[in-house]
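Participant: input-v9.csv is the file, holding CSV, N, CA, C and O atoms:
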chain,number,residue,atom,x,y,z
A,404,SER,N,0.8,-1.2,0.0
A,404,SER,CA,0.0,0.0,0.0
A,404,SER,C,0.9,1.3,0.0
A,404,SER,O,2.0,1.3,0.5
A,405,VAL,N,0.4,2.3,-0.6
A,405,VAL,CA,1.1,3.6,-0.6
A,405,VAL,C,0.9,4.4,0.7
A,405,VAL,O,1.6,5.4,0.9
A,406,LEU,N,0.0,4.0,1.5
A,406,LEU,CA,-0.2,4.7,2.8
A,406,LEU,C,0.7,4.2,3.8
A,406,LEU,O,1.1,3.1,3.9
A,407,LYS,N,1.1,5.2,4.7
A,407,LYS,CA,1.9,4.8,5.8
A,407,LYS,C,1.1,3.8,6.7
A,407,LYS,O,-0.1,3.9,6.8
A,408,PRO,N,1.8,2.9,7.4
A,408,PRO,CA,1.1,1.9,8.2
A,408,PRO,C,0.2,2.6,9.3
A,408,PRO,O,-0.8,2.1,9.6
A,409,SER,N,0.6,3.7,9.8
A,409,SER,CA,-0.2,4.4,10.8
A,409,SER,C,-1.5,4.9,10.3
A,409,SER,O,-2.5,5.0,11.0
A,410,LEU,N,-1.6,5.1,9.0
A,410,LEU,CA,-2.8,5.5,8.3
A,410,LEU,C,-3.7,4.3,8.0
A,410,LEU,O,-4.9,4.5,7.6
A,411,GLN,N,-3.2,3.1,8.0
A,411,GLN,CA,-4.0,2.0,7.6
A,411,GLN,C,-4.7,1.3,8.8
A,411,GLN,O,-5.5,0.4,8.6
A,412,ALA,N,-4.5,1.8,10.0
A,412,ALA,CA,-5.0,1.2,11.2
A,412,ALA,C,-6.5,1.3,11.3
A,412,ALA,O,-7.1,2.3,10.8
A,413,ALA,N,-7.1,0.3,11.9
A,413,ALA,CA,-8.5,0.3,12.2
A,413,ALA,C,-8.7,1.0,13.6
A,413,ALA,O,-7.9,1.0,14.4
A,414,GLY,N,-9.9,1.7,13.7
A,414,GLY,CA,-10.2,2.4,15.0
A,414,GLY,C,-11.6,2.9,14.9
A,414,GLY,O,-12.4,2.4,14.1
A,415,HIS,N,-12.0,3.9,15.6
A,415,HIS,CA,-13.3,4.4,15.7
A,415,HIS,C,-13.3,5.9,15.3
A,415,HIS,O,-12.4,6.6,15.6
A,416,ILE,N,-14.4,6.3,14.6
A,416,ILE,CA,-14.7,7.7,14.5
A,416,ILE,C,-16.0,8.0,15.2
A,416,ILE,O,-16.8,7.0,15.4
A,417,TYR,N,-16.2,9.2,15.7
A,417,TYR,CA,-17.3,9.4,16.6
A,417,TYR,C,-17.8,10.9,16.4
A,417,TYR,O,-17.1,11.8,16.0
A,418,CYS,N,-19.0,11.1,16.9
A,418,CYS,CA,-19.6,12.4,17.1
A,418,CYS,C,-20.1,12.3,18.6
A,418,CYS,O,-20.9,11.5,19.0
A,419,ILE,N,-19.6,13.3,19.4
A,419,ILE,CA,-19.9,13.4,20.8
A,419,ILE,C,-20.7,14.6,21.0
A,419,ILE,O,-20.4,15.7,20.4
A,420,VAL,N,-21.8,14.5,21.8
A,420,VAL,CA,-22.6,15.7,22.1
A,420,VAL,C,-22.9,15.8,23.6
A,420,VAL,O,-22.6,14.8,24.3
A,421,ASN,N,-23.4,16.9,24.0
A,421,ASN,CA,-23.7,17.2,25.4
A,421,ASN,C,-24.9,18.1,25.4
A,421,ASN,O,-24.9,19.1,24.7
A,422,LYS,N,-26.0,17.7,26.1
A,422,LYS,CA,-27.2,18.5,26.1
A,422,LYS,C,-27.0,19.9,26.6
A,422,LYS,O,-27.7,20.8,26.3
A,423,SER,N,-25.9,20.1,27.4
A,423,SER,CA,-25.6,21.4,27.9
A,423,SER,C,-25.1,22.4,26.8
A,423,SER,O,-25.1,23.6,27.0
A,424,TYR,N,-24.6,21.8,25.8
A,424,TYR,CA,-24.0,22.5,24.6
A,424,TYR,C,-24.9,22.1,23.4
A,424,TYR,O,-24.4,21.4,22.5
A,425,GLU,N,-26.1,22.5,23.4
A,425,GLU,CA,-27.1,22.0,22.5
A,425,GLU,C,-26.7,22.0,21.0
A,425,GLU,O,-27.0,21.0,20.3
A,426,ASP,N,-26.1,23.0,20.5
A,426,ASP,CA,-25.8,23.1,19.1
A,426,ASP,C,-24.4,22.6,18.7
A,426,ASP,O,-24.0,22.9,17.6
A,427,TRP,N,-23.7,22.0,19.6
A,427,TRP,CA,-22.3,21.7,19.4
A,427,TRP,C,-22.2,20.2,19.1
A,427,TRP,O,-22.8,19.3,19.8
A,428,VAL,N,-21.3,19.8,18.2
A,428,VAL,CA,-20.9,18.4,18.0
A,428,VAL,C,-19.4,18.3,17.9
A,428,VAL,O,-18.8,19.0,17.2
A,429,LYS,N,-18.8,17.4,18.7
A,429,LYS,CA,-17.4,17.1,18.6
A,429,LYS,C,-17.2,15.9,17.8
A,429,LYS,O,-17.8,14.8,18.0
A,430,VAL,N,-16.4,16.0,16.7
A,430,VAL,CA,-16.1,14.8,15.9
A,430,VAL,C,-14.6,14.5,16.1
A,430,VAL,O,-13.8,15.3,16.4
A,431,GLY,N,-14.3,13.2,16.1
A,431,GLY,CA,-13.0,12.8,16.3
A,431,GLY,C,-12.7,11.3,16.1
A,431,GLY,O,-13.6,10.6,15.5
A,432,MET,N,-11.6,10.8,16.5
A,432,MET,CA,-11.2,9.4,16.3
A,432,MET,C,-10.6,8.9,17.6
A,432,MET,O,-10.0,9.7,18.4
A,433,SER,N,-10.6,7.6,17.7
A,433,SER,CA,-10.0,7.0,18.9
A,433,SER,C,-9.8,5.5,18.7
A,433,SER,O,-10.7,4.9,18.0
A,434,LYS,N,-8.8,4.9,19.2
A,434,LYS,CA,-8.7,3.4,19.2
A,434,LYS,C,-9.5,2.9,20.4
A,434,LYS,O,-9.9,1.8,20.4
A,435,ASN,N,-9.7,3.7,21.4
A,435,ASN,CA,-10.5,3.3,22.6
A,435,ASN,C,-11.5,4.4,22.9
A,435,ASN,O,-11.3,5.3,23.7
A,436,PRO,N,-12.7,4.3,22.2
A,436,PRO,CA,-13.7,5.4,22.3
A,436,PRO,C,-14.3,5.5,23.7
A,436,PRO,O,-14.6,6.6,24.1
A,437,GLU,N,-14.4,4.4,24.4
A,437,GLU,CA,-15.0,4.5,25.8
A,437,GLU,C,-14.1,5.3,26.7
A,437,GLU,O,-14.6,6.1,27.5
A,438,ALA,N,-12.8,5.1,26.6
A,438,ALA,CA,-11.8,5.9,27.4
A,438,ALA,C,-11.9,7.3,27.0
A,438,ALA,O,-11.8,8.2,27.8
A,439,ARG,N,-12.0,7.6,25.7
A,439,ARG,CA,-12.1,9.0,25.2
A,439,ARG,C,-13.3,9.7,25.8
A,439,ARG,O,-13.3,10.8,26.2
A,440,LEU,N,-14.5,9.0,25.8
A,440,LEU,CA,-15.7,9.6,26.3
A,440,LEU,C,-15.5,9.8,27.8
A,440,LEU,O,-16.0,10.9,28.3
A,441,LYS,N,-14.9,8.9,28.5
A,441,LYS,CA,-14.6,9.1,29.9
A,441,LYS,C,-13.8,10.4,30.2
A,441,LYS,O,-14.0,11.1,31.2
A,442,GLN,N,-12.8,10.7,29.3
A,442,GLN,CA,-12.0,11.9,29.4
A,442,GLN,C,-12.9,13.1,29.3
A,442,GLN,O,-12.7,14.1,30.1
A,443,TYR,N,-13.8,13.1,28.4
A,443,TYR,CA,-14.7,14.3,28.3
A,443,TYR,C,-15.6,14.4,29.6
A,443,TYR,O,-15.8,15.5,30.1
A,444,ASN,N,-16.1,13.3,30.0
A,444,ASN,CA,-17.0,13.3,31.2
A,444,ASN,C,-16.3,13.7,32.5
A,444,ASN,O,-17.0,14.0,33.5
A,445,CYS,N,-15.0,13.6,32.6
A,445,CYS,CA,-14.3,13.9,33.8
A,445,CYS,C,-14.4,15.4,34.0
A,445,CYS,O,-14.3,15.9,35.1
A,446,TYR,N,-14.7,16.2,33.0
A,446,TYR,CA,-14.9,17.6,33.1
A,446,TYR,C,-16.4,18.0,33.2
A,446,TYR,O,-16.7,19.2,33.3
A,447,ALA,N,-17.3,17.0,33.1
A,447,ALA,CA,-18.7,17.3,33.2
A,447,ALA,C,-19.3,16.6,34.4
A,447,ALA,O,-19.4,15.4,34.4
A,448,PRO,N,-19.6,17.3,35.4
A,448,PRO,CA,-20.1,16.7,36.7
A,448,PRO,C,-21.2,15.7,36.5
A,448,PRO,O,-21.4,14.8,37.3
A,449,GLU,N,-22.1,15.9,35.5
A,449,GLU,CA,-23.2,15.1,35.4
A,449,GLU,C,-23.0,14.0,34.4
A,449,GLU,O,-23.9,13.3,34.0
A,450,ASP,N,-21.8,13.8,33.9
A,450,ASP,CA,-21.4,12.8,32.9
A,450,ASP,C,-22.4,12.8,31.7
A,450,ASP,O,-23.0,11.8,31.3
A,451,ASN,N,-22.6,14.0,31.2
A,451,ASN,CA,-23.7,14.2,30.2
A,451,ASN,C,-23.1,14.3,28.7
A,451,ASN,O,-23.9,14.6,27.8
A,452,PHE,N,-21.9,13.9,28.5
A,452,PHE,CA,-21.4,13.7,27.1
A,452,PHE,C,-21.8,12.3,26.7
A,452,PHE,O,-21.7,11.4,27.5
A,453,TYR,N,-22.2,12.2,25.5
A,453,TYR,CA,-22.5,10.8,25.0
A,453,TYR,C,-22.3,10.7,23.5
A,453,TYR,O,-22.1,11.8,22.8
A,454,PHE,N,-22.1,9.5,23.0
A,454,PHE,CA,-21.9,9.3,21.5
A,454,PHE,C,-23.3,9.5,20.8
A,454,PHE,O,-24.2,8.8,21.1
A,455,LEU,N,-23.3,10.4,19.9
A,455,LEU,CA,-24.4,10.6,19.0
A,455,LEU,C,-24.2,9.5,17.9
A,455,LEU,O,-25.2,8.8,17.5
A,456,GLU,N,-23.0,9.3,17.5
A,456,GLU,CA,-22.6,8.3,16.5
A,456,GLU,C,-21.3,7.7,16.9
A,456,GLU,O,-20.4,8.5,17.3
A,457,LEU,N,-21.1,6.4,16.7
A,457,LEU,CA,-19.8,5.8,16.9
A,457,LEU,C,-19.7,4.6,15.9
A,457,LEU,O,-20.6,3.8,15.8
A,458,GLU,N,-18.6,4.6,15.2
A,458,GLU,CA,-18.5,3.6,14.1
A,458,GLU,C,-17.0,3.1,14.1
A,458,GLU,O,-16.1,3.9,14.1
A,459,LYS,N,-16.9,1.8,14.0
A,459,LYS,CA,-15.6,1.2,13.9
A,459,LYS,C,-15.3,1.1,12.4
A,459,LYS,O,-16.1,0.7,11.6
A,460,VAL,N,-14.1,1.6,12.0
A,460,VAL,CA,-13.8,1.7,10.6
A,460,VAL,C,-12.3,1.3,10.3
A,460,VAL,O,-11.5,1.4,11.3
A,461,ASP,N,-12.0,0.9,9.1
A,461,ASP,CA,-10.6,0.8,8.7
A,461,ASP,C,-10.1,2.2,8.4
A,461,ASP,O,-10.9,3.1,8.0
A,462,TYR,N,-8.8,2.4,8.4
A,462,TYR,CA,-8.3,3.7,8.1
A,462,TYR,C,-8.9,4.8,8.9
A,462,TYR,O,-9.3,5.9,8.3
A,463,TYR,N,-9.0,4.7,10.2
A,463,TYR,CA,-9.8,5.6,11.0
A,463,TYR,C,-9.2,7.0,11.0
A,463,TYR,O,-10.0,8.0,11.1
A,464,LYS,N,-7.9,7.2,10.8
A,464,LYS,CA,-7.4,8.6,10.7
A,464,LYS,C,-7.8,9.3,9.4
A,464,LYS,O,-8.2,10.5,9.5
A,465,LEU,N,-7.9,8.5,8.3
A,465,LEU,CA,-8.4,9.1,7.1
A,465,LEU,C,-9.9,9.4,7.2
A,465,LEU,O,-10.4,10.4,6.7
A,466,ALA,N,-10.6,8.4,7.8
A,466,ALA,CA,-12.0,8.6,8.0
A,466,ALA,C,-12.3,9.8,8.8
A,466,ALA,O,-13.3,10.5,8.5
A,467,GLU,N,-11.5,10.1,9.8
A,467,GLU,CA,-11.8,11.3,10.6
A,467,GLU,C,-11.6,12.6,9.8
A,467,GLU,O,-12.4,13.5,9.9
A,468,GLN,N,-10.6,12.6,9.0
A,468,GLN,CA,-10.3,13.8,8.1
A,468,GLN,C,-11.5,14.0,7.2
A,468,GLN,O,-11.9,15.1,6.9
A,469,HIS,N,-12.0,12.9,6.6
A,469,HIS,CA,-13.2,13.0,5.7
A,469,HIS,C,-14.4,13.5,6.5
A,469,HIS,O,-15.2,14.3,6.0
A,470,LEU,N,-14.6,13.0,7.7
A,470,LEU,CA,-15.7,13.4,8.5
A,470,LEU,C,-15.6,14.9,8.8
A,470,LEU,O,-16.6,15.7,8.7
A,471,ILE,N,-14.4,15.4,9.2
A,471,ILE,CA,-14.2,16.8,9.4
A,471,ILE,C,-14.5,17.7,8.2
A,471,ILE,O,-15.2,18.7,8.3
A,472,GLN,N,-14.0,17.2,7.1
A,472,GLN,CA,-14.3,18.0,5.8
A,472,GLN,C,-15.8,18.0,5.5
A,472,GLN,O,-16.3,19.0,5.0
A,473,THR,N,-16.5,16.9,5.7
A,473,THR,CA,-17.9,16.9,5.4
A,473,THR,C,-18.7,17.8,6.4
A,473,THR,O,-19.5,18.6,5.9
A,474,PHE,N,-18.4,17.7,7.7
A,474,PHE,CA,-19.0,18.6,8.6
A,474,PHE,C,-18.8,20.1,8.3
A,474,PHE,O,-19.6,20.9,8.5
A,475,ALA,N,-17.6,20.4,7.9
A,475,ALA,CA,-17.2,21.8,7.6
A,475,ALA,C,-18.0,22.4,6.5
A,475,ALA,O,-18.2,23.6,6.4
A,476,LYS,N,-18.6,21.6,5.6
A,476,LYS,CA,-19.4,22.1,4.6
A,476,LYS,C,-20.8,22.6,5.1
A,476,LYS,O,-21.4,23.5,4.5
A,477,TYR,N,-21.2,22.1,6.2
A,477,TYR,CA,-22.6,22.4,6.7
A,477,TYR,C,-22.7,23.1,8.1
A,477,TYR,O,-23.7,23.5,8.5
A,478,PHE,N,-21.5,23.1,8.8
A,478,PHE,CA,-21.5,23.7,10.1
A,478,PHE,C,-20.4,24.7,10.3
A,478,PHE,O,-19.4,24.6,9.6
A,479,LYS,N,-20.5,25.6,11.2
A,479,LYS,CA,-19.4,26.5,11.6
A,479,LYS,C,-18.4,25.6,12.3
A,479,LYS,O,-18.7,24.9,13.3
A,480,GLN,N,-17.2,25.7,11.9
A,480,GLN,CA,-16.1,24.9,12.5
A,480,GLN,C,-15.3,25.8,13.6
A,480,GLN,O,-14.9,26.9,13.3
A,481,LEU,N,-15.2,25.2,14.8
A,481,LEU,CA,-14.4,25.8,15.8
A,481,LEU,C,-13.3,24.8,16.1
A,481,LEU,O,-13.5,23.7,16.4
A,482,LYS,N,-12.0,25.3,16.0
A,482,LYS,CA,-10.9,24.4,16.3
A,482,LYS,C,-10.3,24.9,17.6
A,482,LYS,O,-9.8,26.0,17.7
A,483,ILE,N,-10.4,24.1,18.6
A,483,ILE,CA,-10.0,24.5,20.0
A,483,ILE,C,-9.0,23.5,20.4
A,483,ILE,O,-9.3,22.3,20.6
A,484,LYS,N,-7.7,23.9,20.6
A,484,LYS,CA,-6.7,23.0,21.1
A,484,LYS,C,-6.7,21.7,20.3
A,484,LYS,O,-6.8,20.6,20.9
A,485,GLN,N,-6.6,21.7,19.0
A,485,GLN,CA,-6.5,20.6,18.1
A,485,GLN,C,-7.8,19.7,18.1
A,485,GLN,O,-7.8,18.6,17.7
A,486,ARG,N,-8.9,20.2,18.6
A,486,ARG,CA,-10.1,19.5,18.6
A,486,ARG,C,-11.1,20.2,17.6
A,486,ARG,O,-11.1,21.4,17.5
A,487,TYR,N,-11.8,19.4,16.9
A,487,TYR,CA,-12.7,19.9,15.9
A,487,TYR,C,-14.1,19.9,16.5
A,487,TYR,O,-14.6,18.8,16.7
A,488,ILE,N,-14.7,21.0,16.7
A,488,ILE,CA,-16.0,21.1,17.2
A,488,ILE,C,-16.8,21.9,16.2
A,488,ILE,O,-16.4,22.9,15.7
A,489,PHE,N,-18.0,21.4,15.9
A,489,PHE,CA,-18.9,22.1,15.0
A,489,PHE,C,-20.1,22.6,15.6
A,489,PHE,O,-20.7,22.0,16.5
A,490,GLN,N,-20.6,23.8,15.2
A,490,GLN,CA,-21.8,24.4,15.7
A,490,GLN,C,-22.7,24.7,14.6
A,490,GLN,O,-22.3,25.1,13.5
A,491,LYS,N,-24.0,24.4,14.9
A,491,LYS,CA,-25.0,24.7,13.8
A,491,LYS,C,-25.0,26.2,13.5
A,491,LYS,O,-24.8,27.0,14.3
A,492,LEU,N,-25.2,26.4,12.2
A,492,LEU,CA,-25.2,27.8,11.7
A,492,LEU,C,-26.5,28.4,12.0
A,492,LEU,O,-27.5,27.8,12.1
What does this structure look like when you write it as structure tokens?
Facilitator:
Amino acid sequence: SVLKPSLQAAGHIYCIVNKSYEDWVKVGMSKNPEARLKQYNCYAPEDNFYFLELEKVDYYKLAEQHLIQTFAKYFKQLKIKQRYIFQKL
């Protein structure tokens, strides 16, 4: 394959939401999505972050890039500390 081995790995892509931030969606990737969700909820006293969508995919790093590009067409993009967060327009 012409892709670097790190780009060929399987993992998860996700959309995380929180009812406290009604119009926001966090998109990202992780090899361990449950641990990632736990990281978000350690800053939320009510553990109210949850997966709106979670999908196991091959080439998860490339899939995340595609997901970000797709969201950017329809939502306002906020990049905060290397995290891609989208807000409804």
Participant: Closest to Lys459 of chain A among A:Ala413, A:Val420, A:Ala438, A:Val430, using all atoms listed in the file?
Facilitator: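 The closest residue to Lys459 of chain A is A:Ala413.
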Participant: Identify which of the residues A:Asp426, A:Asn421, A:Ala412, A:Asp450 lies closest to Gln480 of chain A, counting only C-alpha atoms when measuring atom-to-atom distances.
Facilitator: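 The answer is A:Asp426, which sits nearest to Gln480 of chain A.
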Participant: Mind giving me the straight-line distance from atom N of Tyr463 of chain A to atom N of Gly414 of chain A in Å, one decimal?
Facilitator: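 Taking atom N of Tyr463 of chain A as the start and atom N of Gly414 of chain A as the end point, the length is 4.7 Å.
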Participant: Just checking: using all atoms listed in the file, which residue out of A:Lys441, A:Thr473, A:Lys479, A:Val460 ends up closest to Val428 of chain A?
Facilitator: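 Closest to Val428 of chain A, using all atoms listed in the file: A:Lys479.
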Participant: Skip segment 454-456 of chain A itself and residues of its chain fewer than 2 positions away, then list as a PyMOL selection string all residues within 12 Å of it, counting only C-alpha atoms.
Facilitator: chain A and resi 415-422+427-432+436-437+439-441+443-444+450-452+458-459+470
Participant: Using DSSP secondary structure from the backbone, list all strand (DSSP E) positions within chain A, as a PyMOL selection string.
Facilitator: chain A and resi 414-421+427-433+452-460+479-483+486-490
Participant: Could you please determine the separation between atom CA of Ala466 of chain A and atom N of Lys434 of chain A in Å, to one decimal place?
Facilitator: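 Separation of atom CA of Ala466 of chain A and atom N of Lys434 of chain A: 12.2 Å.
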Participant: Tell me, in Å to one decimal, how far atom CA of Gln411 of chain A is from atom O of Gln472 of chain A.
Facilitator: 21.1 Å
